file model_2.txt (compact mmCIF, N, CA and C atoms and all ligand atoms)
# COMPACT_ATOMS: atom_id res chain seq x y z
N MET A 1 -16.44 28.50 17.55
CA MET A 1 -16.70 27.06 17.56
C MET A 1 -15.48 26.28 17.04
N ALA A 2 -14.97 26.70 15.87
CA ALA A 2 -13.79 26.03 15.30
C ALA A 2 -12.59 26.19 16.22
N GLN A 3 -12.49 27.37 16.85
CA GLN A 3 -11.35 27.59 17.76
C GLN A 3 -11.46 26.72 19.00
N ARG A 4 -12.68 26.53 19.49
CA ARG A 4 -12.88 25.65 20.67
C ARG A 4 -12.55 24.21 20.30
N TRP A 5 -12.93 23.79 19.11
CA TRP A 5 -12.64 22.43 18.62
C TRP A 5 -11.13 22.23 18.52
N ALA A 6 -10.44 23.21 17.94
CA ALA A 6 -8.98 23.10 17.78
C ALA A 6 -8.30 23.07 19.16
N ALA A 7 -8.80 23.89 20.09
CA ALA A 7 -8.21 23.92 21.43
C ALA A 7 -8.39 22.57 22.12
N LYS A 8 -9.53 21.95 21.92
CA LYS A 8 -9.78 20.63 22.50
C LYS A 8 -8.81 19.61 21.92
N LEU A 9 -8.65 19.64 20.60
CA LEU A 9 -7.77 18.69 19.93
C LEU A 9 -6.32 18.87 20.38
N ALA A 10 -5.93 20.12 20.59
CA ALA A 10 -4.54 20.42 20.92
C ALA A 10 -4.11 19.71 22.21
N GLY A 11 -5.04 19.50 23.12
CA GLY A 11 -4.71 18.88 24.39
C GLY A 11 -4.67 17.36 24.35
N LEU A 12 -4.94 16.77 23.20
CA LEU A 12 -5.02 15.31 23.09
C LEU A 12 -3.77 14.74 22.42
N ASP A 13 -3.37 13.55 22.88
CA ASP A 13 -2.15 12.92 22.34
C ASP A 13 -2.45 11.80 21.35
N GLY A 14 -3.71 11.47 21.15
CA GLY A 14 -4.08 10.43 20.19
C GLY A 14 -5.57 10.45 19.98
N PHE A 15 -6.00 9.80 18.93
CA PHE A 15 -7.41 9.88 18.54
C PHE A 15 -7.95 8.50 18.16
N LEU A 16 -9.20 8.30 18.50
CA LEU A 16 -9.93 7.10 18.08
C LEU A 16 -11.16 7.59 17.33
N LEU A 17 -11.19 7.35 16.03
CA LEU A 17 -12.31 7.82 15.21
C LEU A 17 -13.29 6.68 14.97
N VAL A 18 -14.55 6.96 15.18
CA VAL A 18 -15.62 5.99 14.93
C VAL A 18 -16.35 6.45 13.67
N THR A 19 -16.39 5.57 12.67
CA THR A 19 -16.96 6.02 11.39
C THR A 19 -18.02 5.08 10.84
N PRO A 20 -19.09 5.67 10.31
CA PRO A 20 -20.01 4.90 9.48
C PRO A 20 -19.44 4.86 8.07
N GLU A 21 -20.18 4.30 7.15
CA GLU A 21 -19.73 4.32 5.75
C GLU A 21 -20.88 4.83 4.88
N TYR A 22 -20.59 5.87 4.12
CA TYR A 22 -21.56 6.43 3.18
C TYR A 22 -20.93 6.41 1.79
N ASN A 23 -21.53 5.65 0.89
CA ASN A 23 -21.00 5.54 -0.48
C ASN A 23 -19.49 5.29 -0.48
N HIS A 24 -19.10 4.32 0.33
CA HIS A 24 -17.73 3.83 0.43
C HIS A 24 -16.74 4.86 0.97
N GLY A 25 -17.25 5.93 1.57
CA GLY A 25 -16.37 6.89 2.22
C GLY A 25 -16.83 7.11 3.65
N THR A 26 -16.12 7.98 4.36
CA THR A 26 -16.55 8.29 5.71
C THR A 26 -17.71 9.27 5.66
N SER A 27 -18.21 9.68 6.81
CA SER A 27 -19.33 10.63 6.83
C SER A 27 -18.81 12.04 6.57
N ALA A 28 -19.65 12.84 5.94
CA ALA A 28 -19.27 14.23 5.66
C ALA A 28 -19.03 14.99 6.96
N VAL A 29 -19.77 14.65 7.99
CA VAL A 29 -19.63 15.35 9.27
C VAL A 29 -18.25 15.11 9.88
N LEU A 30 -17.81 13.85 9.84
CA LEU A 30 -16.48 13.54 10.39
C LEU A 30 -15.38 14.18 9.55
N LYS A 31 -15.52 14.13 8.23
CA LYS A 31 -14.52 14.76 7.36
C LYS A 31 -14.44 16.25 7.64
N ASN A 32 -15.60 16.87 7.81
CA ASN A 32 -15.64 18.30 8.10
C ASN A 32 -14.93 18.61 9.43
N ALA A 33 -15.17 17.77 10.42
CA ALA A 33 -14.52 17.98 11.73
C ALA A 33 -13.00 17.88 11.59
N LEU A 34 -12.53 16.97 10.75
CA LEU A 34 -11.09 16.85 10.53
C LEU A 34 -10.57 18.06 9.76
N ASP A 35 -11.35 18.55 8.81
CA ASP A 35 -10.91 19.66 7.98
C ASP A 35 -10.83 20.98 8.75
N TYR A 36 -11.49 21.04 9.90
CA TYR A 36 -11.51 22.29 10.66
C TYR A 36 -10.32 22.47 11.59
N ALA A 37 -9.34 21.59 11.49
CA ALA A 37 -8.10 21.77 12.26
C ALA A 37 -6.97 21.22 11.41
N TYR A 38 -5.76 21.50 11.78
CA TYR A 38 -4.64 20.88 11.08
C TYR A 38 -3.49 20.59 12.04
N LYS A 39 -2.85 21.64 12.50
CA LYS A 39 -1.62 21.42 13.29
C LYS A 39 -1.90 20.63 14.56
N GLU A 40 -3.13 20.67 15.04
CA GLU A 40 -3.49 19.93 16.25
C GLU A 40 -3.46 18.42 16.04
N PHE A 41 -3.44 17.99 14.76
CA PHE A 41 -3.40 16.56 14.45
C PHE A 41 -1.99 16.05 14.14
N VAL A 42 -1.11 16.98 13.79
CA VAL A 42 0.19 16.60 13.23
C VAL A 42 1.04 15.81 14.23
N ARG A 43 1.62 14.71 13.75
CA ARG A 43 2.52 13.85 14.53
C ARG A 43 1.82 13.22 15.74
N LYS A 44 0.55 12.93 15.56
CA LYS A 44 -0.22 12.21 16.60
C LYS A 44 -0.83 10.96 15.96
N PRO A 45 -1.10 9.95 16.78
CA PRO A 45 -1.65 8.70 16.23
C PRO A 45 -3.18 8.72 16.15
N VAL A 46 -3.69 7.91 15.24
CA VAL A 46 -5.14 7.78 15.10
C VAL A 46 -5.49 6.31 14.85
N ALA A 47 -6.54 5.85 15.52
CA ALA A 47 -7.05 4.49 15.32
C ALA A 47 -8.53 4.59 14.93
N PHE A 48 -9.07 3.48 14.43
CA PHE A 48 -10.41 3.55 13.83
C PHE A 48 -11.32 2.41 14.27
N VAL A 49 -12.58 2.77 14.49
CA VAL A 49 -13.67 1.79 14.61
C VAL A 49 -14.63 2.09 13.47
N GLY A 50 -14.88 1.10 12.62
CA GLY A 50 -15.81 1.30 11.51
C GLY A 50 -17.02 0.40 11.66
N TYR A 51 -18.16 0.86 11.17
CA TYR A 51 -19.34 0.00 11.16
C TYR A 51 -20.06 0.16 9.82
N GLY A 52 -20.67 -0.95 9.39
CA GLY A 52 -21.37 -0.95 8.10
C GLY A 52 -21.38 -2.36 7.54
N GLY A 53 -21.86 -2.47 6.29
CA GLY A 53 -22.01 -3.78 5.66
C GLY A 53 -20.73 -4.60 5.71
N VAL A 54 -19.62 -3.96 5.44
CA VAL A 54 -18.32 -4.67 5.53
C VAL A 54 -17.46 -4.02 6.62
N GLY A 55 -18.13 -3.68 7.72
CA GLY A 55 -17.40 -3.16 8.88
C GLY A 55 -16.82 -1.77 8.67
N GLY A 56 -17.38 -1.03 7.73
CA GLY A 56 -16.85 0.31 7.49
C GLY A 56 -15.43 0.29 6.95
N ALA A 57 -15.03 -0.85 6.38
CA ALA A 57 -13.62 -1.01 5.97
C ALA A 57 -13.21 0.03 4.93
N ARG A 58 -14.10 0.33 4.01
CA ARG A 58 -13.73 1.29 2.96
C ARG A 58 -13.64 2.70 3.51
N ALA A 59 -14.53 3.01 4.46
CA ALA A 59 -14.48 4.33 5.09
C ALA A 59 -13.19 4.46 5.91
N VAL A 60 -12.80 3.39 6.59
CA VAL A 60 -11.57 3.44 7.38
C VAL A 60 -10.36 3.64 6.47
N GLU A 61 -10.32 2.92 5.34
CA GLU A 61 -9.19 3.10 4.42
C GLU A 61 -9.17 4.51 3.85
N HIS A 62 -10.34 5.06 3.59
CA HIS A 62 -10.44 6.44 3.13
C HIS A 62 -9.85 7.38 4.19
N LEU A 63 -10.20 7.13 5.45
CA LEU A 63 -9.70 7.99 6.52
C LEU A 63 -8.18 7.89 6.68
N ARG A 64 -7.63 6.72 6.35
CA ARG A 64 -6.16 6.59 6.45
C ARG A 64 -5.47 7.57 5.48
N LEU A 65 -6.06 7.77 4.32
CA LEU A 65 -5.49 8.73 3.36
C LEU A 65 -5.60 10.16 3.90
N VAL A 66 -6.74 10.46 4.51
CA VAL A 66 -6.92 11.79 5.11
C VAL A 66 -5.90 11.97 6.23
N ALA A 67 -5.72 10.93 7.04
CA ALA A 67 -4.78 11.01 8.17
C ALA A 67 -3.35 11.26 7.67
N ALA A 68 -3.00 10.66 6.54
CA ALA A 68 -1.65 10.88 6.00
C ALA A 68 -1.45 12.35 5.67
N GLU A 69 -2.45 12.98 5.11
CA GLU A 69 -2.33 14.40 4.77
C GLU A 69 -2.27 15.27 6.02
N LEU A 70 -2.88 14.80 7.10
CA LEU A 70 -2.81 15.53 8.38
C LEU A 70 -1.54 15.19 9.15
N GLN A 71 -0.65 14.41 8.51
CA GLN A 71 0.63 14.01 9.11
C GLN A 71 0.44 13.23 10.41
N MET A 72 -0.58 12.38 10.40
CA MET A 72 -0.84 11.52 11.56
C MET A 72 -0.28 10.13 11.29
N VAL A 73 -0.07 9.38 12.36
CA VAL A 73 0.27 7.96 12.23
C VAL A 73 -1.02 7.18 12.39
N SER A 74 -1.42 6.45 11.35
CA SER A 74 -2.64 5.64 11.48
C SER A 74 -2.22 4.24 11.90
N VAL A 75 -2.76 3.76 13.01
CA VAL A 75 -2.34 2.46 13.51
C VAL A 75 -3.00 1.37 12.68
N ARG A 76 -2.28 0.28 12.53
CA ARG A 76 -2.72 -0.78 11.61
C ARG A 76 -4.03 -1.44 12.05
N ASN A 77 -4.08 -1.84 13.32
CA ASN A 77 -5.25 -2.60 13.79
C ASN A 77 -6.46 -1.69 13.93
N ALA A 78 -7.62 -2.22 13.52
CA ALA A 78 -8.87 -1.46 13.63
C ALA A 78 -9.97 -2.41 14.08
N VAL A 79 -11.08 -1.84 14.52
CA VAL A 79 -12.26 -2.65 14.85
C VAL A 79 -13.29 -2.43 13.75
N HIS A 80 -13.78 -3.53 13.18
CA HIS A 80 -14.78 -3.44 12.12
C HIS A 80 -16.05 -4.16 12.56
N ILE A 81 -17.08 -3.39 12.82
CA ILE A 81 -18.37 -3.95 13.24
C ILE A 81 -19.22 -4.15 11.98
N THR A 82 -19.41 -5.41 11.60
CA THR A 82 -20.08 -5.71 10.32
C THR A 82 -21.59 -5.71 10.48
N GLY A 83 -22.26 -5.81 9.34
CA GLY A 83 -23.72 -5.89 9.35
C GLY A 83 -24.20 -7.09 10.17
N GLY A 84 -23.50 -8.21 10.07
CA GLY A 84 -23.87 -9.41 10.83
C GLY A 84 -23.75 -9.18 12.34
N ASP A 85 -22.66 -8.54 12.75
CA ASP A 85 -22.49 -8.20 14.18
C ASP A 85 -23.65 -7.31 14.63
N PHE A 86 -23.92 -6.32 13.82
CA PHE A 86 -24.94 -5.32 14.17
C PHE A 86 -26.32 -5.97 14.30
N LEU A 87 -26.68 -6.81 13.34
CA LEU A 87 -28.00 -7.45 13.39
C LEU A 87 -28.12 -8.36 14.60
N GLY A 88 -27.04 -9.04 14.94
CA GLY A 88 -27.04 -9.90 16.12
C GLY A 88 -27.35 -9.10 17.38
N LEU A 89 -26.69 -7.94 17.49
CA LEU A 89 -26.89 -7.10 18.68
C LEU A 89 -28.28 -6.47 18.69
N TRP A 90 -28.73 -6.07 17.51
CA TRP A 90 -29.97 -5.30 17.42
C TRP A 90 -31.21 -6.19 17.47
N GLN A 91 -31.17 -7.30 16.71
CA GLN A 91 -32.39 -8.06 16.52
C GLN A 91 -32.36 -9.49 17.09
N GLN A 92 -31.19 -9.97 17.45
CA GLN A 92 -31.11 -11.38 17.86
C GLN A 92 -30.74 -11.54 19.33
N GLY A 93 -30.83 -10.46 20.08
CA GLY A 93 -30.61 -10.53 21.52
C GLY A 93 -29.19 -10.87 21.93
N LYS A 94 -28.26 -10.67 21.04
CA LYS A 94 -26.87 -10.98 21.39
C LYS A 94 -26.23 -9.78 22.10
N SER A 95 -25.13 -10.04 22.77
CA SER A 95 -24.38 -8.95 23.43
C SER A 95 -22.96 -8.96 22.87
N PHE A 96 -22.17 -8.00 23.29
CA PHE A 96 -20.79 -7.95 22.80
C PHE A 96 -20.01 -9.19 23.20
N ASP A 97 -20.44 -9.86 24.27
CA ASP A 97 -19.76 -11.10 24.68
C ASP A 97 -19.87 -12.18 23.60
N ASP A 98 -20.90 -12.08 22.75
CA ASP A 98 -21.08 -13.08 21.68
C ASP A 98 -20.17 -12.80 20.48
N PHE A 99 -19.45 -11.72 20.53
CA PHE A 99 -18.57 -11.36 19.41
C PHE A 99 -17.16 -11.10 19.93
N PRO A 100 -16.50 -12.17 20.42
CA PRO A 100 -15.18 -11.96 21.03
C PRO A 100 -14.15 -11.38 20.07
N HIS A 101 -14.38 -11.57 18.76
CA HIS A 101 -13.39 -11.00 17.82
C HIS A 101 -13.35 -9.47 17.92
N LEU A 102 -14.48 -8.85 18.33
CA LEU A 102 -14.48 -7.39 18.44
C LEU A 102 -13.63 -6.94 19.63
N ALA A 103 -13.78 -7.64 20.75
CA ALA A 103 -12.97 -7.29 21.94
C ALA A 103 -11.49 -7.54 21.66
N GLN A 104 -11.22 -8.64 20.96
CA GLN A 104 -9.82 -8.98 20.63
C GLN A 104 -9.22 -7.90 19.71
N ALA A 105 -10.00 -7.51 18.71
CA ALA A 105 -9.51 -6.46 17.79
C ALA A 105 -9.32 -5.15 18.54
N ALA A 106 -10.25 -4.83 19.44
CA ALA A 106 -10.16 -3.57 20.19
C ALA A 106 -8.91 -3.57 21.08
N ALA A 107 -8.63 -4.71 21.72
CA ALA A 107 -7.46 -4.78 22.61
C ALA A 107 -6.17 -4.52 21.83
N GLY A 108 -6.05 -5.16 20.67
CA GLY A 108 -4.85 -4.96 19.85
C GLY A 108 -4.74 -3.53 19.37
N MET A 109 -5.87 -2.99 18.95
CA MET A 109 -5.88 -1.61 18.45
C MET A 109 -5.49 -0.62 19.55
N LEU A 110 -6.07 -0.79 20.73
CA LEU A 110 -5.80 0.16 21.82
C LEU A 110 -4.37 0.06 22.32
N ASP A 111 -3.82 -1.16 22.34
CA ASP A 111 -2.41 -1.32 22.71
C ASP A 111 -1.52 -0.52 21.75
N GLU A 112 -1.81 -0.69 20.47
CA GLU A 112 -1.00 -0.01 19.45
C GLU A 112 -1.16 1.51 19.55
N LEU A 113 -2.40 1.94 19.75
CA LEU A 113 -2.67 3.38 19.87
C LEU A 113 -1.93 3.97 21.07
N ALA A 114 -1.97 3.26 22.20
CA ALA A 114 -1.30 3.75 23.42
C ALA A 114 0.22 3.81 23.20
N TRP A 115 0.76 2.78 22.51
CA TRP A 115 2.21 2.78 22.25
C TRP A 115 2.61 4.01 21.42
N TRP A 116 1.87 4.25 20.35
CA TRP A 116 2.19 5.38 19.49
C TRP A 116 1.94 6.72 20.20
N ALA A 117 0.91 6.78 21.01
CA ALA A 117 0.62 8.04 21.72
C ALA A 117 1.79 8.40 22.63
N LYS A 118 2.32 7.40 23.35
CA LYS A 118 3.46 7.67 24.25
C LYS A 118 4.70 8.03 23.44
N ALA A 119 4.98 7.21 22.42
CA ALA A 119 6.21 7.42 21.64
C ALA A 119 6.21 8.78 20.94
N LEU A 120 5.08 9.14 20.36
CA LEU A 120 5.03 10.40 19.61
C LEU A 120 4.98 11.62 20.54
N LYS A 121 4.41 11.45 21.72
CA LYS A 121 4.42 12.57 22.68
C LYS A 121 5.87 12.90 23.06
N ILE A 122 6.65 11.85 23.36
CA ILE A 122 8.06 12.06 23.71
C ILE A 122 8.79 12.70 22.52
N ALA A 123 8.52 12.18 21.34
CA ALA A 123 9.20 12.70 20.14
C ALA A 123 8.83 14.16 19.88
N ARG A 124 7.56 14.50 20.05
CA ARG A 124 7.14 15.90 19.83
C ARG A 124 7.81 16.82 20.84
N GLU A 125 7.87 16.36 22.09
CA GLU A 125 8.47 17.21 23.13
C GLU A 125 9.96 17.40 22.87
N ASN A 126 10.62 16.34 22.42
CA ASN A 126 12.07 16.42 22.17
C ASN A 126 12.39 17.22 20.92
N ALA A 127 11.46 17.25 19.98
CA ALA A 127 11.71 17.96 18.72
C ALA A 127 11.39 19.45 18.83
N ALA A 128 10.72 19.84 19.90
CA ALA A 128 10.20 21.22 19.98
C ALA A 128 11.30 22.28 19.97
C1 LIG A 201 -26.51 7.73 1.09
C2 LIG A 201 -26.12 6.52 1.87
C3 LIG A 201 -25.03 5.78 1.48
C4 LIG A 201 -24.63 4.64 2.20
N1 LIG A 201 -23.54 3.95 1.80
C5 LIG A 201 -23.13 2.88 2.52
C6 LIG A 201 -21.93 2.20 2.17
O1 LIG A 201 -21.25 2.52 1.20
N2 LIG A 201 -21.54 1.16 2.94
C7 LIG A 201 -22.24 0.78 4.05
O2 LIG A 201 -21.83 -0.17 4.72
N3 LIG A 201 -23.37 1.43 4.43
C8 LIG A 201 -23.83 2.46 3.68
N4 LIG A 201 -24.96 3.14 4.07
C9 LIG A 201 -25.65 2.74 5.28
C10 LIG A 201 -25.17 3.57 6.46
O3 LIG A 201 -23.90 3.12 6.85
C11 LIG A 201 -26.17 3.40 7.60
O4 LIG A 201 -27.28 4.17 7.25
C12 LIG A 201 -25.65 3.80 8.96
O5 LIG A 201 -26.71 3.73 9.88
C13 LIG A 201 -25.07 5.21 8.97
O6 LIG A 201 -24.56 5.49 10.24
P1 LIG A 201 -25.11 6.70 11.15
O7 LIG A 201 -26.60 6.49 11.22
O8 LIG A 201 -24.41 6.52 12.45
O9 LIG A 201 -24.76 7.97 10.43
C14 LIG A 201 -25.37 4.25 3.35
C15 LIG A 201 -26.48 5.01 3.73
C16 LIG A 201 -26.85 6.12 3.01
C17 LIG A 201 -28.05 6.92 3.45

call {"tool": "encode", "arguments": {"input": "model_2.txt", "output": "structure tokens", "more": "lines below"}}
Ligand SMILES: Cc1cc2nc3c(=O)[nH]c(=O)nc-3n(C[C@H](O)[C@H](O)[C@H](O)COP(=O)(O)O)c2cc1C
result
Amino acid sequence: MAQRWAAKLAGLDGFLLVTPEYNHGTSAVLKNALDYAYKEFVRKPVAFVGYGGVGGARAVEHLRLVAAELQMVSVRNAVHITGGDFLGLWQQGKSFDDFPHLAQAAAGMLDELAWWAKALKIARENAA
């Protein structure tokens, strides 16, 4: 199982992690998934989508520290889905169109992630 997970990661040039927030950290399941590989993450970019009372902001910042130890580049822009966004979607009949800041944040984040994915892929190939 761990070997299949590592093999899957090895073929990827960048990562987008979606995290909840549990006691101001990320989920144990996501941390465990990160802990089960290492070299497959090194010198690759990672971006984050967080959700929770304050948009999973504390969990995302926690993950940035983990990413540093995995020698990843964590991109600055992130998407934070707050409790207010969530309640609107869940209970007030709103759609993602009612929260343009999320699409705007996602566009900036994905642009940055794509830039780093291309740049680091070239750098990894040239450094090999
Ligand atoms: C033990 C526990 C701790 C939690 N801590 C936080 C927290 O620090 N910040 C937050 O925004 N939500 C917190 N929550 C709420 C979770 O983010 C919420 O339950 C969410 O649905 C979890 O995502 P998941 O169901 O996709 O795992 C906590 C929930 C539990 C059960």

call {"tool": "select_by_dssp", "arguments": {"input": "model_2.txt", "residues": "chain A", "states": "strand (DSSP E or B)", "output": "short mmCIF file (atom, residue, chain, number, x, y, z; two decimals) with N, CA and C atoms, in the frame of the given file"}}
result
data_model
loop_
_atom_site.label_atom_id
_atom_site.label_comp_id
_atom_site.auth_asym_id
_atom_site.auth_seq_id
_atom_site.Cartn_x
_atom_site.Cartn_y
_atom_site.Cartn_z
N PHE A 15 -6.00 9.80 18.93
CA PHE A 15 -7.41 9.88 18.54
C PHE A 15 -7.95 8.50 18.16
N LEU A 16 -9.20 8.30 18.50
CA LEU A 16 -9.93 7.10 18.08
C LEU A 16 -11.16 7.59 17.33
N LEU A 17 -11.19 7.35 16.03
CA LEU A 17 -12.31 7.82 15.21
C LEU A 17 -13.29 6.68 14.97
N VAL A 18 -14.55 6.96 15.18
CA VAL A 18 -15.62 5.99 14.93
C VAL A 18 -16.35 6.45 13.67
N THR A 19 -16.39 5.57 12.67
CA THR A 19 -16.96 6.02 11.39
C THR A 19 -18.02 5.08 10.84
N TYR A 22 -20.59 5.87 4.12
CA TYR A 22 -21.56 6.43 3.18
C TYR A 22 -20.93 6.41 1.79
N GLY A 25 -17.25 5.93 1.57
CA GLY A 25 -16.37 6.89 2.22
C GLY A 25 -16.83 7.11 3.65
N PRO A 45 -1.10 9.95 16.78
CA PRO A 45 -1.65 8.70 16.23
C PRO A 45 -3.18 8.72 16.15
N VAL A 46 -3.69 7.91 15.24
CA VAL A 46 -5.14 7.78 15.10
C VAL A 46 -5.49 6.31 14.85
N ALA A 47 -6.54 5.85 15.52
CA ALA A 47 -7.05 4.49 15.32
C ALA A 47 -8.53 4.59 14.93
N PHE A 48 -9.07 3.48 14.43
CA PHE A 48 -10.41 3.55 13.83
C PHE A 48 -11.32 2.41 14.27
N VAL A 49 -12.58 2.77 14.49
CA VAL A 49 -13.67 1.79 14.61
C VAL A 49 -14.63 2.09 13.47
N GLY A 50 -14.88 1.10 12.62
CA GLY A 50 -15.81 1.30 11.51
C GLY A 50 -17.02 0.40 11.66
N TYR A 51 -18.16 0.86 11.17
CA TYR A 51 -19.34 0.00 11.16
C TYR A 51 -20.06 0.16 9.82
N VAL A 73 -0.07 9.38 12.36
CA VAL A 73 0.27 7.96 12.23
C VAL A 73 -1.02 7.18 12.39
N SER A 74 -1.42 6.45 11.35
CA SER A 74 -2.64 5.64 11.48
C SER A 74 -2.22 4.24 11.90
N VAL A 79 -11.08 -1.84 14.52
CA VAL A 79 -12.26 -2.65 14.85
C VAL A 79 -13.29 -2.43 13.75
N HIS A 80 -13.78 -3.53 13.18
CA HIS A 80 -14.78 -3.44 12.12
C HIS A 80 -16.05 -4.16 12.56
N ILE A 81 -17.08 -3.39 12.82
CA ILE A 81 -18.37 -3.95 13.24
C ILE A 81 -19.22 -4.15 11.98
#

call {"tool": "residues_near_ligand", "arguments": {"input": "model_2.txt", "ligand": "ligand LIG 201 (chain A)", "cutoff": "6.5 Å", "atoms": "only N, CA and C atoms and all ligand atoms", "output": "list in words"}}
result
Pro20, Glu21, Tyr22, Asn23, His24, Gly25, Tyr51, Gly52, Gly53, Val54, Gly55 and Gly56 of chain A

call {"tool": "residues_around", "arguments": {"input": "model_2.txt", "residues": "Ala67 (chain A)", "least_positions_apart": "2", "cutoff": "10 Å", "atoms": "only C-alpha atoms", "output": "VMD selection string"}}
result
chain A and resid 34 41 to 42 44 to 47 61 to 65 69 to 74

call {"tool": "atom_distance", "arguments": {"input": "model_2.txt", "atom1": "CA of Glu125 (chain A)", "atom2": "CA of Ala10 (chain A)"}}
result
13.6 Å

call {"tool": "select_by_dssp", "arguments": {"input": "model_2.txt", "residues": "chain A", "states": "alpha helix (DSSP H)", "output": "MDAnalysis selection string"}}
result
chainID A and resid 2:10 28:35 57:69 83:91 100:127

call {"tool": "atom_distance", "arguments": {"input": "model_2.txt", "atom1": "CA of Pro100 (chain A)", "atom2": "atom C of Val18 (chain A)"}}
result
19.9 Å

call {"tool": "atom_distance", "arguments": {"input": "model_2.txt", "atom1": "atom C of Val29 (chain A)", "atom2": "atom N of Asp97 (chain A)"}}
result
28.9 Å

call {"tool": "residues_near_point", "arguments": {"input": "model_2.txt", "point": "(-13.9, 7.8, 16.7)", "cutoff": "7 Å", "atoms": "all atoms listed in the file", "output": "list in words"}}
result
Phe15, Leu16, Leu17, Val18, Thr19, Ala47, Phe48 and Val49 of chain A

call {"tool": "residues_around", "arguments": {"input": "model_2.txt", "residues": "region 2-6 of chain A", "least_positions_apart": "3", "cutoff": "8 Å", "atoms": "only N, CA and C atoms", "output": "ChimeraX atom specification"}}
result
/A:9-11,36-38,40
